[in-house]
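Everything below belongs to input.txt, which stores compact mmCIF, C-alpha atoms.
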```
# COMPACT_ATOMS: atom_id res chain seq x y z
CA MET A 1 108.10 167.40 149.05
CA PRO A 2 110.28 164.31 148.61
CA GLU A 3 110.29 161.68 151.35
CA SER A 4 113.33 162.10 153.53
CA ARG A 5 114.39 162.00 157.14
CA PRO A 6 113.18 164.77 159.46
CA THR A 7 115.54 167.73 159.27
CA GLY A 8 114.93 169.47 162.58
CA GLN A 9 114.90 172.75 160.65
CA PRO A 10 112.99 175.72 162.14
CA THR A 11 109.48 175.82 160.63
CA GLY A 12 109.87 179.40 159.39
CA LYS A 13 113.08 178.89 157.41
CA GLY A 14 113.72 177.68 153.89
CA PRO A 15 110.59 176.33 152.16
CA GLY A 16 108.76 177.11 155.40
CA ARG A 17 109.23 180.81 154.68
CA LEU A 18 107.07 180.46 151.57
CA LEU A 19 104.48 178.61 153.64
CA VAL A 20 104.53 181.46 156.19
CA ALA A 21 104.01 183.95 153.34
CA VAL A 22 100.96 182.07 152.06
CA TYR A 23 99.55 181.82 155.61
CA ALA A 24 100.17 185.54 156.13
CA THR A 25 98.31 186.29 152.90
CA PHE A 26 95.31 184.28 154.07
CA ALA A 27 95.50 185.88 157.50
CA ILE A 28 95.27 189.35 155.92
CA ALA A 29 92.63 188.34 153.36
CA ALA A 30 90.40 186.56 155.89
CA SER A 31 90.77 189.32 158.51
CA SER A 32 89.86 192.13 156.15
CA ARG A 33 86.96 190.16 154.76
CA ALA A 34 85.64 189.24 158.21
CA GLY A 35 86.14 192.76 159.56
CA TYR A 36 84.24 194.27 156.65
CA GLN A 37 81.41 191.73 156.80
CA LEU A 38 80.92 191.89 160.56
CA ALA A 39 81.04 195.69 160.60
CA THR A 40 78.67 196.36 157.72
CA LYS A 41 76.23 193.48 157.27
CA TYR A 42 76.37 191.11 160.23
CA ASP A 43 72.62 190.42 160.07
CA GLU A 44 72.69 189.09 156.51
CA ALA A 45 74.66 185.94 157.25
CA PRO A 46 75.78 185.81 160.90
CA VAL A 47 76.96 182.17 160.75
CA ALA A 48 79.08 182.77 157.66
CA TYR A 49 80.62 185.95 159.03
CA VAL A 50 81.46 184.56 162.45
CA LEU A 51 83.10 181.58 160.74
CA SER A 52 85.06 184.03 158.57
CA ALA A 53 86.35 185.67 161.74
CA VAL A 54 87.28 182.29 163.28
CA ALA A 55 89.17 181.38 160.10
CA ALA A 56 90.97 184.73 160.18
CA ALA A 57 92.07 184.17 163.81
CA VAL A 58 93.34 180.66 163.03
CA TYR A 59 95.34 181.88 160.02
CA LEU A 60 96.86 184.69 162.10
CA LEU A 61 97.88 182.29 164.88
CA ALA A 62 99.25 179.73 162.42
CA THR A 63 101.32 182.41 160.66
CA GLY A 64 102.92 183.52 163.91
CA ALA A 65 103.46 179.96 165.17
CA LEU A 66 105.16 178.81 161.95
CA LEU A 67 107.33 181.92 161.83
CA ARG A 68 108.49 181.48 165.43
CA ASP A 69 108.90 177.72 165.27
CA ALA A 70 106.14 177.17 167.87
CA ARG A 71 105.39 173.64 166.73
CA ARG A 72 102.59 172.60 169.08
CA LEU A 73 100.63 175.78 168.46
CA ALA A 74 101.24 175.47 164.71
CA LEU A 75 100.05 171.85 164.78
CA ALA A 76 96.91 172.75 166.74
CA CYS A 77 96.09 175.61 164.36
CA ILE A 78 96.66 173.57 161.23
CA VAL A 79 94.60 170.61 162.47
CA PHE A 80 91.80 173.03 163.44
CA GLU A 81 92.10 174.60 160.02
CA LEU A 82 91.85 171.24 158.23
CA VAL A 83 88.81 170.25 160.29
CA GLY A 84 87.37 173.72 159.65
CA VAL A 85 87.72 173.67 155.90
CA LEU A 86 86.34 170.13 155.66
CA GLY A 87 83.51 170.76 158.14
CA VAL A 88 82.48 174.19 156.88
CA GLY A 89 82.95 173.04 153.28
CA ALA A 90 80.54 170.13 153.79
CA TRP A 91 78.14 172.24 155.88
CA SER A 92 77.98 174.98 153.23
CA LEU A 93 77.04 172.44 150.58
CA ALA A 94 74.51 170.61 152.79
CA ASP A 95 72.78 173.78 154.07
CA PRO A 96 73.37 176.61 151.57
CA ALA A 97 70.64 178.72 153.22
CA ARG A 98 72.96 179.29 156.20
CA PHE A 99 75.59 180.68 153.85
CA PRO A 100 73.99 183.37 151.67
CA ASP A 101 77.45 184.94 151.53
CA ALA A 102 80.72 183.07 151.23
CA THR A 103 83.42 182.45 153.85
CA VAL A 104 87.02 181.48 153.17
CA TRP A 105 86.08 177.88 153.89
CA SER A 106 82.72 177.61 152.03
CA SER A 107 82.62 174.89 149.35
CA PHE A 108 86.06 173.71 150.54
CA GLY A 109 87.66 177.05 149.67
CA ALA A 110 86.58 177.03 146.00
CA GLY A 111 86.44 180.85 145.97
CA TYR A 112 90.15 180.91 146.76
CA GLY A 113 91.22 178.30 144.23
CA TYR A 114 90.96 175.51 146.86
CA VAL A 115 94.15 176.84 148.44
CA PRO A 116 92.45 176.72 151.91
CA LEU A 117 92.05 172.96 151.41
CA VAL A 118 95.61 172.34 150.21
CA LEU A 119 97.33 174.64 152.70
CA PRO A 120 96.72 172.61 155.91
CA VAL A 121 97.87 169.43 154.16
CA LEU A 122 101.09 171.15 153.10
CA GLY A 123 101.42 172.54 156.62
CA LEU A 124 101.13 169.09 158.23
CA LEU A 125 103.64 167.61 155.76
CA TRP A 126 106.05 170.46 156.51
CA LEU A 127 105.72 170.01 160.29
CA ARG A 128 106.45 166.30 159.89
CA ARG A 129 109.39 166.96 157.61
CA THR A 130 111.04 169.44 160.01
CA ARG A 131 110.33 167.48 163.18
CA MET B 1 89.61 203.76 137.80
CA VAL B 2 92.43 204.52 135.35
CA PRO B 3 92.39 201.64 132.83
CA GLY B 4 96.01 202.16 131.74
CA LEU B 5 97.22 202.09 135.34
CA VAL B 6 95.43 198.81 136.04
CA VAL B 7 96.95 197.21 132.94
CA ALA B 8 100.42 198.49 133.90
CA LEU B 9 99.99 197.10 137.44
CA LEU B 10 98.86 193.70 136.18
CA VAL B 11 101.64 193.40 133.58
CA LEU B 12 104.38 194.54 135.95
CA ALA B 13 103.15 192.34 138.83
CA LEU B 14 102.93 189.24 136.66
CA LEU B 15 106.29 189.95 135.00
CA LEU B 16 108.03 190.38 138.38
CA ALA B 17 106.33 187.21 139.64
CA VAL B 18 107.60 185.18 136.66
CA VAL B 19 111.14 186.60 137.02
CA ALA B 20 111.16 185.78 140.74
CA PHE B 21 109.96 182.21 140.18
CA VAL B 22 112.52 181.67 137.39
CA PHE B 23 115.38 182.86 139.62
CA ALA B 24 114.05 180.77 142.50
CA ALA B 25 113.97 177.72 140.23
CA LEU B 26 117.56 178.42 139.11
CA ASP B 27 118.54 178.87 142.78
CA ARG B 28 120.01 182.31 142.09
CA LEU B 29 119.22 185.66 143.69
CA PRO B 30 117.46 188.05 141.29
CA PRO B 31 119.38 191.13 140.03
CA THR B 32 118.99 194.62 141.49
CA VAL B 33 116.65 195.59 138.66
CA HIS B 34 114.09 193.17 140.11
CA LEU B 35 114.15 195.05 143.39
CA GLN B 36 113.77 198.32 141.50
CA GLY B 37 110.82 196.79 139.68
CA LEU B 38 109.21 195.92 143.03
CA LEU B 39 109.64 199.51 144.22
CA LEU B 40 108.05 200.79 140.99
CA LEU B 41 105.22 198.29 141.48
CA GLN B 42 104.61 199.57 145.00
CA LEU B 43 104.64 203.17 143.69
CA LEU B 44 101.91 202.23 141.18
CA VAL B 45 99.90 200.62 143.99
CA VAL B 46 100.10 203.87 145.96
CA VAL B 47 99.11 205.96 142.93
CA GLN B 48 96.16 203.66 142.30
CA ALA B 49 95.03 203.96 145.92
CA VAL B 50 95.27 207.77 145.82
CA VAL B 51 93.30 207.91 142.55
CA ALA B 52 90.62 205.55 143.88
CA LEU B 53 90.21 207.45 147.16
CA ALA B 54 90.11 210.79 145.31
CA ARG B 55 87.28 209.51 143.10
CA LEU B 56 85.23 207.92 145.88
CA GLY B 57 82.78 210.84 145.78
CA GLY B 58 81.34 209.87 142.41
CA TRP B 59 81.43 206.15 143.15
CA ASP B 60 78.47 204.16 144.37
CA GLY B 61 79.65 200.83 145.73
CA PRO B 62 80.74 199.09 148.95
CA VAL B 63 83.39 201.51 150.23
CA GLY B 64 84.55 199.17 153.02
CA GLU B 65 85.23 196.36 150.57
CA LEU B 66 87.11 198.69 148.21
CA VAL B 67 89.27 200.12 151.00
CA GLY B 68 89.94 196.56 152.22
CA TYR B 69 91.29 195.56 148.82
CA LEU B 70 93.35 198.76 148.59
CA ALA B 71 94.85 198.06 152.03
CA VAL B 72 95.70 194.44 151.15
CA ALA B 73 97.25 195.58 147.85
CA PHE B 74 99.35 198.12 149.77
CA LEU B 75 100.64 195.50 152.24
CA LEU B 76 101.62 192.70 149.84
CA VAL B 77 104.96 193.82 148.36
CA PRO B 78 106.38 195.38 151.59
CA GLY B 79 105.20 192.30 153.53
CA GLY B 80 106.87 189.99 151.03
CA MET B 81 110.07 192.01 151.30
CA VAL B 82 110.10 191.76 155.11
CA LEU B 83 109.67 187.97 154.93
CA ALA B 84 112.28 187.65 152.15
CA LEU B 85 114.81 189.88 153.90
CA GLU B 86 116.05 187.27 156.39
CA GLU B 87 115.63 184.44 153.91
CA ARG B 88 118.12 185.25 151.18
CA THR B 89 117.68 181.89 149.47
CA ARG B 90 115.52 180.68 146.62
CA TRP B 91 112.62 180.50 149.09
CA GLY B 92 112.82 184.19 149.89
CA THR B 93 112.77 184.89 146.15
CA ALA B 94 109.73 182.63 145.81
CA VAL B 95 108.01 184.65 148.56
CA LEU B 96 108.49 187.81 146.45
CA GLY B 97 107.08 185.98 143.43
CA ALA B 98 104.05 184.86 145.44
CA ALA B 99 103.47 188.42 146.73
CA CYS B 100 103.46 189.75 143.13
CA LEU B 101 101.12 186.98 141.97
CA VAL B 102 98.64 187.66 144.78
CA LEU B 103 98.91 191.39 144.08
CA ALA B 104 97.83 190.76 140.46
CA VAL B 105 94.77 188.85 141.73
CA VAL B 106 93.92 191.62 144.21
CA VAL B 107 94.28 194.34 141.54
CA PHE B 108 91.96 192.35 139.28
CA ARG B 109 89.38 191.94 142.08
CA LEU B 110 89.72 195.64 142.89
CA GLN B 111 88.82 196.51 139.30
CA VAL B 112 85.77 194.21 139.41
CA VAL B 113 84.58 195.84 142.64
CA TRP B 114 85.21 199.30 141.22
CA ASP B 115 83.31 198.60 137.97
CA ALA B 116 80.30 197.35 139.94
CA GLY B 117 79.95 200.75 141.65
CA ALA B 118 80.97 202.98 138.74
CA PRO B 119 78.38 205.50 137.50
CA GLY B 120 76.18 203.88 134.88
CA ALA B 121 76.90 200.34 136.06
```
Show me the file's structure as structure tokens.
Amino acid sequence: MPESRPTGQPTGKGPGRLLVAVYATFAIAASSRAGYQLATKYDEAPVAYVLSAVAAAVYLLATGALLRDARRLALACIVFELVGVLGVGAWSLADPARFPDATVWSSFGAGYGYVPLVLPVLGLLWLRRTR
Amino acid sequence: MVPGLVVALLVLALLLAVVAFVFAALDRLPPTVHLQGLLLLQLLVVVQAVVALARLGGWDGPVGELVGYLAVAFLLVPGGMVLALEERTRWGTAVLGAACLVLAVVVFRLQVVWDAGAPGA
């Protein structure tokens, strides 16, 4: 994204539409993963699975907020998401016993090609660009 | 599952993804044949889901996980189309490319999950 003046464009239009699509993909992926894990094997790794569900909820909210140009909600979700992927990423490396099964955010999203780490950064840049 | 079907799905999904990204890069809307390709791709996804569900009886793996992947695979192309519909620019085309790319990954994961629960595995 080249440096330029804020455009005032709606967050869900233009390049933002691609961002919404990637968020929607993660919303679906994280929701189905969390739903399956919580329903079938909650006892195996409760911390990991509850965090999966939190991640799923944040991705869902962020998708809707970006699509509808709800900037404050989008900002809150994306900041939460950045803190989440950094915090859970570090936690999963420091205390692997708590994470016998992976979440979207374990090891900074390595299981998803580190997209969960890059996505909030892109999201923040996009919000700034379209201010 | 059906090996030929998986290969066809992967090849078609990746091909449609590349075409979409090329047209997005050129800032042109893709031709009608690309849309027809997406419809064919979705048809293959449905056939794959029907085959997988029909063979569940002889399969010994995590059914919930398999059905989850089938459901995500089913949603990707229609979801991409909905998002691209009101964004008839290069970015809408890129959304279609991304949907195809993710579909290829999901089909691959689906095959890995399936093989793990196949008889004799």
Practice problem: Hey, list the chain B side of the contact with chain A: 10 Å cut-off, all atoms listed in the file, answer as a PyMOL selection string. | Solution: chain B and resi 62-69+71-72+75-76+79-80+83-84+86-99+102+106
Show me, as a short mmCIF file (atom, residue, chain, number, x, y, z; two decimals) with C-alpha atoms, keeping the file's coordinate frame, the residues that have an atom within 8 Å of Val58 (chain A) when counting only C-alpha atoms, minus same-chain residues fewer than 5 positions from it.
```
data_model
loop_
_atom_site.label_atom_id
_atom_site.label_comp_id
_atom_site.auth_asym_id
_atom_site.auth_seq_id
_atom_site.Cartn_x
_atom_site.Cartn_y
_atom_site.Cartn_z
CA ALA A 27 95.50 185.88 157.50
CA CYS A 77 96.09 175.61 164.36
CA PHE A 80 91.80 173.03 163.44
CA GLU A 81 92.10 174.60 160.02
#
```
Self-check item: Of the listed residues A:Val50, A:Tyr112, A:Asp69, A:Leu82, that which approaches Leu124 (chain A) most closely, counting only C-alpha atoms
Solution: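 Result for the nearest residue to Leu124 (chain A): A:Leu82.
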With 6 Å added on each side, what axis-aligned box encloses every listed atom of region 115-125 of chain A? Give the centre and edge lengths in Å to one decimal, as AutoDock Vina command-line options.
```
--center_x 97.8 --center_y 172.2 --center_z 153.3 --size_x 23.6 --size_y 21.2 --size_z 21.8
```
Quiz item: So, counting all atoms listed in the file, which residue among B:Cys100, B:Met81, B:Leu39, B:Val51 is closest to Ala20 (chain B)?
Solution: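 The shortest atom-to-atom distance to Ala20 (chain B) comes from B:Cys100.
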Quiz prompt | One-decimal distance in Å that lies between CA of Phe26 (chain A) and CA of Thr63 (chain A) | solution = 9.1 Å
Practice problem: Enter the distance from CA of Tyr42 (chain A) to CA of Asp101 (chain A), in Å, rounded to one decimal. | Solution: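 Separation between CA of Tyr42 (chain A) and CA of Asp101 (chain A): 10.7 Å.
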Self-check item: Nearby residues (only C-alpha atoms) at most 10 Å from Leu12 (chain B), same-chain spacing under 2 positions excluded, as an MDAnalysis selection string
Solution: chainID B and resid 6:10 14:18 37:38 40:41 44 100 104
Practice problem: Please indicate the distance in Å from CA of Val47 (chain B) to CA of Pro119 (chain B), rounded to one decimal place. | Solution: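 Separation between CA of Val47 (chain B) and CA of Pro119 (chain B): 21.4 Å.
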